[in-house]
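These notes are about the structure you will find just below.
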Amino acid sequence: MSATGTSARCLLRVAAAQLPNVVGDLDGNGERILDAMRWAEDEGADVVVFPELALTGYPPGDLAAREDFVGRAVEVLDELAARSGRTAAVVSTIARVTPKRSWDARERSVAISAAVLCDGQLRGTYHKVLLPNYQIFDEARTFAAGEDPAALWRIGETVIGIAVCEDLWSGDGPPELQAAAGARILLVPNASPFYQGKPDGRLELAAEVARRNGMPVVYVNCVGGQDDLVFDGGSIVVDSDGELLHRAPQFTPERFVLDVPLGPSRDLAGPVRTVHARPAPGRRPLRHVEPVPPASDDEQVWAALVLGTRDFVLGNGATGVAALGLSGGIDAAVTASVAADALGAHNVLGIAMPGPRSPDEELEDARALAAALGIRFAEIPLRAATPVVGAELEAVLEAGVGSRAESALEARMRAAIVWAVCDELGHLPLATGNKSELSIGAASLHGDMAGAFAPLRDCPKTLLHRLARLRNERAPVIPARVLERTPATLASEGSAGPPYDELDAIVVRYVEQGESAEDLIADGFGAATVHRVLQLVDDAELERRQTPPGVRITQRAFGQ
């Protein structure tokens with residue numbers, strides 16, 4: 001955006017660095033921050049904004065309770081401050097504070113902060129005021145809350161406010177206090193994890209805050225997978241009318257610089273800390289860049305699965321290779337496709353393990369899928385091993401093995417084989433189970449969900465069909481017969497559940513939206529079906545507690 005026709009005093013050149021979220025990597029994160037600080041200076045930026053806890057990674061968990069980790073974080077921040085230049089840098093990290101007693105009377109001596117660095121110095125620190133303690137957030141347990149929500153800073157002639165993530169959400173928090181005290185722009189570091197619909201909600205929030213306070217909002221988010229969380233970036237800038245000025249791409253690191261029109265001048269109602277007062281020399285006009293339009297909901301989910309799987313595999317020291325069982329079903333097909341997109345086809349090994357009653361066409365489809373994806377493929381038949389183990393079981397049980405137990409036995413034998421391959425080759429095993437089966441305990445414990453990571457853990461079966469067709473639009477890799485073969489009801493798999501479309505609708509409303517049996521029945525679902533499904537969901541908690549982490553794509557997923 002060019003400053004042509006507008007007084008330079010009414011613009012602030014803001015750079016943003018949508019960095020990877022790497023928890024615990026203080027030195028690596030510090031190098032990434034320093035590189036972006038130098039880039040912002042070359043761009044003539046007045047200030048560069050980084051995501052929440054860009055230095056420590058988010059969430060740091062109990063690392064924030066380790067004195068050695070906190071101490072090293074302070075050291076790295078001091079090193080960054082000493083190497084800072086004319087461009088101010090808003091770097092979020094953890095900081096020591098005077099011990100404070102909180103809601104549970106325990107003292108906390110560490111805060112989430114946004115440090116302002118400039119001209120070789122640490123010019124001051126804003127401490128996050130509002131600490132979320134819901135859904136996946138657990139900040140109030142660990143951190144002390146900030147006590148200066150109206151803190152202001154002066155960069156050149158511009159008075160700015162800084163808020164950190166949750167500080168934006170209350171409607172009467174730091175942004176309102178800072179605007180009333182004289183701020184003309186709000187800079188907001190964020191660590192906002194993805195779930196379906198979240199990007200639109202962020203834009204609505206930033207626009208509402210901007211309109212309510214009459215100042216633009218620069219919202220900078222991190223990107224990357226951390227266990228079951230995926231941070232999708234999608235950083236945004238809105239003007240004081242709430243109109244979108246810029247939106248960064250999702251699911252990839254990104255840098256951008258923007259001349260942001262400021263809100264109106266205001267009388268100052270409090271002290272202001274001066275960061276620097278020197279304009280950038282000979283600053284060039286910026287080329288206007290259109291905001292990146294958001295992808296479709298299903299495309300965002302696919303990207304989240306790919307990013308979450310990639311960062312989990314690589315972040316846990318695997319050789320970059322994942323292995324999984326290929327059954328010829330849609331769960332394995334989508335898992336393999338996600339793994340190939342995440343790690344590269346040559347880094348994925350699919351193992352077909354047909355049992356005594358496995359149809360030949362399933363093995364054919366597994367071969368076709370592997371060939372279309374270009375992944376490595378192996379076959380280890382169970383036809384000889386299963387009857388031997390079954391016979392020994394019958395001797396112990398003094399009875400025949402039931403069909404469901406036999407099916408679970410085969411699933412667990414397949415899991416053992418995949419783990420054996422991974423143990424020997426340094427691979428990471430991926431579980432293939434989905435949310436529909438997981439919700440009612442239909443996934444074999446230590447079978448379908450026995451990998452180290454379950455990419456589809458939060459994906460219902462109905463969504464998997466859409467994702468498979470979406471992936472096939474790019475290239476036809478999943479055989480059509482795989483889509484057609486998936487049973488329309490869990491009854492064919494030994495469960496008393498209803499058809500998938502009905503099951504998934506009930507689970508979404510019960511688990512994610514908190515509706516009761518009475519709510520569901522009043523809305524037209526059969527009473528017997530509702531009570532049966534809700535009972536199955538409640539009874540399956542044991543199985544769910546023993547399954548691996550997987551990518552969260554919903555606001556309220558199974559797990560934490």
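How things are named: the first chain in the structure tokens is A, the next is B, and so on; residues count from 1 in each chain; ligands count from 1 in the order shown.
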
Excluding range 383-387 of chain A and any residue of its chain fewer than 3 positions from it, enumerate the residues within 9 Å of it, using only C-alpha atoms, and give them as a ChimeraX atom specification. /A:353-358,390-392,406,409-410,413

Emit the selected residues as a PDB file, in the first residue's frame, including N, CA, C and O atoms.
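again_25.pdb, freshly written:
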```
ATOM      1  N   MET A 353      -1.665 -56.023   4.859  1.00  0.00           N
ATOM      2  CA  MET A 353      -1.586 -57.237   5.683  1.00  0.00           C
ATOM      3  C   MET A 353      -2.915 -57.977   5.607  1.00  0.00           C
ATOM      4  O   MET A 353      -3.701 -57.989   6.560  1.00  0.00           O
ATOM      5  N   PRO A 354      -3.217 -58.583   4.455  1.00  0.00           N
ATOM      6  CA  PRO A 354      -4.513 -59.256   4.289  1.00  0.00           C
ATOM      7  C   PRO A 354      -4.666 -60.436   5.238  1.00  0.00           C
ATOM      8  O   PRO A 354      -3.726 -61.204   5.470  1.00  0.00           O
ATOM      9  N   GLY A 355      -5.863 -60.545   5.806  1.00  0.00           N
ATOM     10  CA  GLY A 355      -6.180 -61.662   6.674  1.00  0.00           C
ATOM     11  C   GLY A 355      -6.841 -62.791   5.900  1.00  0.00           C
ATOM     12  O   GLY A 355      -7.031 -62.710   4.678  1.00  0.00           O
ATOM     13  N   PRO A 356      -7.230 -63.854   6.601  1.00  0.00           N
ATOM     14  CA  PRO A 356      -7.819 -65.019   5.920  1.00  0.00           C
ATOM     15  C   PRO A 356      -9.075 -64.696   5.129  1.00  0.00           C
ATOM     16  O   PRO A 356      -9.343 -65.330   4.107  1.00  0.00           O
ATOM     17  N   ARG A 357      -9.868 -63.726   5.587  1.00  0.00           N
ATOM     18  CA  ARG A 357     -11.113 -63.418   4.888  1.00  0.00           C
ATOM     19  C   ARG A 357     -11.088 -62.053   4.201  1.00  0.00           C
ATOM     20  O   ARG A 357     -12.120 -61.504   3.846  1.00  0.00           O
ATOM     21  N   SER A 358      -9.896 -61.496   4.040  1.00  0.00           N
ATOM     22  CA  SER A 358      -9.800 -60.204   3.347  1.00  0.00           C
ATOM     23  C   SER A 358     -10.097 -60.387   1.873  1.00  0.00           C
ATOM     24  O   SER A 358      -9.461 -61.224   1.195  1.00  0.00           O
ATOM     25  N   GLY A 390      -5.330 -68.030  16.454  1.00  0.00           N
ATOM     26  CA  GLY A 390      -6.718 -68.309  16.814  1.00  0.00           C
ATOM     27  C   GLY A 390      -6.864 -69.675  17.474  1.00  0.00           C
ATOM     28  O   GLY A 390      -7.625 -69.825  18.451  1.00  0.00           O
ATOM     29  N   ALA A 391      -6.159 -70.656  16.969  1.00  0.00           N
ATOM     30  CA  ALA A 391      -6.240 -71.999  17.550  1.00  0.00           C
ATOM     31  C   ALA A 391      -5.692 -72.006  18.973  1.00  0.00           C
ATOM     32  O   ALA A 391      -6.249 -72.656  19.871  1.00  0.00           O
ATOM     33  N   GLU A 392      -4.591 -71.304  19.205  1.00  0.00           N
ATOM     34  CA  GLU A 392      -4.034 -71.243  20.559  1.00  0.00           C
ATOM     35  C   GLU A 392      -4.988 -70.525  21.509  1.00  0.00           C
ATOM     36  O   GLU A 392      -5.128 -70.900  22.674  1.00  0.00           O
ATOM     37  N   GLU A 406     -12.141 -61.765  16.894  1.00  0.00           N
ATOM     38  CA  GLU A 406     -11.237 -62.172  15.814  1.00  0.00           C
ATOM     39  C   GLU A 406     -10.834 -60.956  14.976  1.00  0.00           C
ATOM     40  O   GLU A 406      -9.668 -60.792  14.599  1.00  0.00           O
ATOM     41  N   LEU A 409      -8.401 -58.967  16.953  1.00  0.00           N
ATOM     42  CA  LEU A 409      -7.111 -59.659  16.984  1.00  0.00           C
ATOM     43  C   LEU A 409      -6.308 -59.360  15.720  1.00  0.00           C
ATOM     44  O   LEU A 409      -5.112 -59.054  15.777  1.00  0.00           O
ATOM     45  N   GLU A 410      -6.961 -59.414  14.574  1.00  0.00           N
ATOM     46  CA  GLU A 410      -6.268 -59.111  13.320  1.00  0.00           C
ATOM     47  C   GLU A 410      -5.781 -57.668  13.314  1.00  0.00           C
ATOM     48  O   GLU A 410      -4.657 -57.379  12.885  1.00  0.00           O
ATOM     49  N   MET A 413      -2.718 -57.484  15.480  1.00  0.00           N
ATOM     50  CA  MET A 413      -1.563 -58.108  14.836  1.00  0.00           C
ATOM     51  C   MET A 413      -0.984 -57.178  13.780  1.00  0.00           C
ATOM     52  O   MET A 413       0.242 -57.050  13.648  1.00  0.00           O
TER      53      MET A 413
END
```

List as a tab-separated table every residue of range 209-321 of chain A that is in contact with range 181-193 of chain A, defined as an atom at most 12 Å from one of its atoms (using only C-alpha atoms), together with the nearest atom pair and the distance in Å rounded to one decimal, sorted by chain and then rising number.
```
residue	atom	partner	partner_atom	distance
A:Val209	CA	A:Leu186	CA	9.5
A:Ala210	CA	A:Leu186	CA	8.4
A:Arg211	CA	A:Ile185	CA	11.7
A:Asn213	CA	A:Arg184	CA	9.1
A:Gly214	CA	A:Arg184	CA	7.9
A:Met215	CA	A:Ile185	CA	5.1
A:Pro216	CA	A:Ile185	CA	5.1
A:Val217	CA	A:Leu186	CA	4.9
A:Val218	CA	A:Leu187	CA	5.0
A:Tyr219	CA	A:Val188	CA	4.9
A:Val220	CA	A:Pro189	CA	5.2
A:Asn221	CA	A:Asn190	CA	4.7
A:Cys222	CA	A:Ala191	CA	5.6
A:Val223	CA	A:Ala191	CA	8.3
A:Gly224	CA	A:Pro193	CA	9.2
A:Gly225	CA	A:Pro193	CA	9.1
A:Gln226	CA	A:Pro193	CA	9.7
A:Asp227	CA	A:Pro193	CA	11.6
A:Asp228	CA	A:Pro193	CA	9.9
A:Leu229	CA	A:Pro193	CA	6.2
A:Val230	CA	A:Pro193	CA	5.5
A:Phe231	CA	A:Pro193	CA	4.3
A:Asp232	CA	A:Pro193	CA	6.7
A:Gly233	CA	A:Ser192	CA	8.0
A:Gly234	CA	A:Ser192	CA	9.8
A:Ser235	CA	A:Asn190	CA	8.9
A:Ile236	CA	A:Val188	CA	10.1
A:Val237	CA	A:Leu187	CA	9.5
A:Val238	CA	A:Leu186	CA	10.2
A:Asp239	CA	A:Ile185	CA	9.0
A:Ser240	CA	A:Ile185	CA	8.3
A:Gln250	CA	A:Pro193	CA	11.5
A:Phe251	CA	A:Pro193	CA	10.9
A:Asp259	CA	A:Ile185	CA	11.9
A:Val260	CA	A:Ile185	CA	8.7
A:Pro261	CA	A:Ile185	CA	8.7
A:Leu262	CA	A:Arg184	CA	5.7
A:Gly263	CA	A:Arg184	CA	4.7
A:Pro264	CA	A:Arg184	CA	6.3
A:Ser265	CA	A:Arg184	CA	6.6
A:Arg266	CA	A:Gly182	CA	4.9
A:Asp267	CA	A:Gly182	CA	5.7
A:Leu268	CA	A:Gly182	CA	4.7
A:Ala269	CA	A:Ala181	CA	4.5
A:Gly270	CA	A:Ala181	CA	5.9
A:Pro271	CA	A:Ala181	CA	8.8
A:Val272	CA	A:Gly182	CA	9.3
A:Arg273	CA	A:Ala183	CA	12.0
A:Ala304	CA	A:Pro193	CA	10.2
A:Gly308	CA	A:Pro193	CA	11.2
```

note - CA of His531 in chain A and CA of Gly441 in chain A are separated by 15.3 Å

Write down as a compact mmCIF listing (two decimals) with N, CA and C atoms, in the first residue's frame the residues belonging to range 38-144 of chain A that are assigned alpha helix (DSSP H) by DSSP computed on the backbone.
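Final output, saved to selection-v4.txt:
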```txt
# COMPACT_ATOMS: atom_id res chain seq x y z
N ARG A 38 16.10 -8.14 10.92
CA ARG A 38 16.97 -7.54 9.90
C ARG A 38 16.20 -7.29 8.61
N TRP A 39 15.33 -8.24 8.24
CA TRP A 39 14.51 -8.06 7.04
C TRP A 39 13.61 -6.84 7.19
N ALA A 40 12.97 -6.68 8.34
CA ALA A 40 12.07 -5.54 8.56
C ALA A 40 12.82 -4.23 8.47
N GLU A 41 14.05 -4.21 8.98
CA GLU A 41 14.85 -2.99 8.89
C GLU A 41 15.16 -2.64 7.44
N ASP A 42 15.49 -3.68 6.65
CA ASP A 42 15.75 -3.46 5.22
C ASP A 42 14.51 -2.93 4.50
N GLU A 67 13.33 -23.13 36.01
CA GLU A 67 14.12 -21.92 36.18
C GLU A 67 15.21 -21.80 35.11
N ASP A 68 15.80 -22.94 34.71
CA ASP A 68 16.85 -22.87 33.70
C ASP A 68 16.29 -22.43 32.34
N PHE A 69 15.07 -22.88 32.02
CA PHE A 69 14.46 -22.49 30.75
C PHE A 69 14.09 -21.00 30.76
N VAL A 70 13.50 -20.56 31.85
CA VAL A 70 13.14 -19.14 31.95
C VAL A 70 14.41 -18.28 31.88
N GLY A 71 15.44 -18.71 32.57
CA GLY A 71 16.68 -17.95 32.55
C GLY A 71 17.29 -17.86 31.17
N ARG A 72 17.27 -18.97 30.42
CA ARG A 72 17.82 -18.93 29.07
C ARG A 72 16.96 -18.07 28.16
N ALA A 73 15.63 -18.10 28.34
CA ALA A 73 14.76 -17.24 27.55
C ALA A 73 15.09 -15.77 27.78
N VAL A 74 15.38 -15.41 29.02
CA VAL A 74 15.76 -14.02 29.33
C VAL A 74 17.08 -13.68 28.65
N GLU A 75 18.03 -14.61 28.65
CA GLU A 75 19.33 -14.37 28.02
C GLU A 75 19.18 -14.16 26.52
N VAL A 76 18.39 -15.02 25.86
CA VAL A 76 18.22 -14.89 24.41
C VAL A 76 17.53 -13.58 24.07
N LEU A 77 16.53 -13.18 24.89
CA LEU A 77 15.88 -11.90 24.63
C LEU A 77 16.88 -10.75 24.76
N ASP A 78 17.74 -10.80 25.77
CA ASP A 78 18.75 -9.75 25.94
C ASP A 78 19.69 -9.71 24.73
N GLU A 79 20.03 -10.88 24.21
CA GLU A 79 20.88 -10.93 23.03
C GLU A 79 20.18 -10.31 21.82
N LEU A 80 18.89 -10.58 21.66
CA LEU A 80 18.14 -9.97 20.57
C LEU A 80 18.06 -8.46 20.74
N ALA A 81 17.82 -8.01 21.97
CA ALA A 81 17.75 -6.58 22.22
C ALA A 81 19.06 -5.89 21.85
N ALA A 82 20.17 -6.52 22.22
CA ALA A 82 21.48 -5.92 21.93
C ALA A 82 21.74 -5.82 20.44
N GLU A 139 -3.40 -21.27 30.73
CA GLU A 139 -2.41 -20.26 31.09
C GLU A 139 -2.54 -19.80 32.53
N ALA A 140 -3.77 -19.76 33.05
CA ALA A 140 -3.96 -19.25 34.40
C ALA A 140 -3.29 -20.14 35.45
N ARG A 141 -3.05 -21.40 35.11
CA ARG A 141 -2.38 -22.31 36.04
C ARG A 141 -0.91 -21.94 36.21
N THR A 142 -0.30 -21.41 35.14
CA THR A 142 1.15 -21.24 35.11
C THR A 142 1.61 -19.80 35.27
```

How many Å lie between CA of Arg154 in chain A and CA of Val257 in chain A, rounded to one decimal? 19.3 Å

Taking only C-alpha atoms into account, produce a table as a tab-separated table in which each residue of range 127-218 of chain A with an atom at most 10 Å from an atom of range 111-121 of chain A appears once, together with its shortest atom pair and the distance in Å to one decimal, ordered by chain and rising number.
```
residue	atom	partner	partner_atom	distance
A:His127	CA	A:Ser113	CA	4.3
A:Lys128	CA	A:Ile112	CA	5.5
A:Val129	CA	A:Ile112	CA	8.7
A:Leu131	CA	A:Ile112	CA	9.0
A:Glu139	CA	A:Ile112	CA	8.9
A:Thr142	CA	A:Ala111	CA	8.4
A:Phe143	CA	A:Ala111	CA	5.0
A:Ala144	CA	A:Ala111	CA	5.0
A:Ala145	CA	A:Ala111	CA	6.5
A:Gly146	CA	A:Ala111	CA	7.2
A:Trp153	CA	A:Val116	CA	9.0
A:Ile155	CA	A:Cys118	CA	10.0
A:Ile162	CA	A:Ala114	CA	7.8
A:Ala163	CA	A:Ala114	CA	8.3
A:Val164	CA	A:Ala114	CA	7.4
A:Val188	CA	A:Ala114	CA	9.2
A:Pro189	CA	A:Ala114	CA	7.7
```

Write the selection just made, keeping C-alpha atoms, as a compact mmCIF listing (two decimals), in the first residue's frame?
```txt
# COMPACT_ATOMS: atom_id res chain seq x y z
CA HIS A 127 2.60 -8.41 30.27
CA LYS A 128 -0.49 -10.27 29.05
CA VAL A 129 -3.44 -9.33 31.26
CA LEU A 131 -5.08 -15.50 30.78
CA GLU A 139 -2.41 -20.26 31.09
CA THR A 142 1.15 -21.24 35.11
CA PHE A 143 1.40 -17.51 34.51
CA ALA A 144 0.96 -14.28 36.42
CA ALA A 145 -1.43 -11.76 34.90
CA GLY A 146 -0.16 -8.35 33.81
CA TRP A 153 4.37 3.27 23.47
CA ILE A 155 7.22 4.96 17.79
CA ILE A 162 0.02 -3.69 22.50
CA ALA A 163 -2.30 -6.53 23.49
CA VAL A 164 -1.56 -10.27 23.51
CA VAL A 188 -1.44 -7.99 18.73
CA PRO A 189 0.87 -11.05 18.97
```
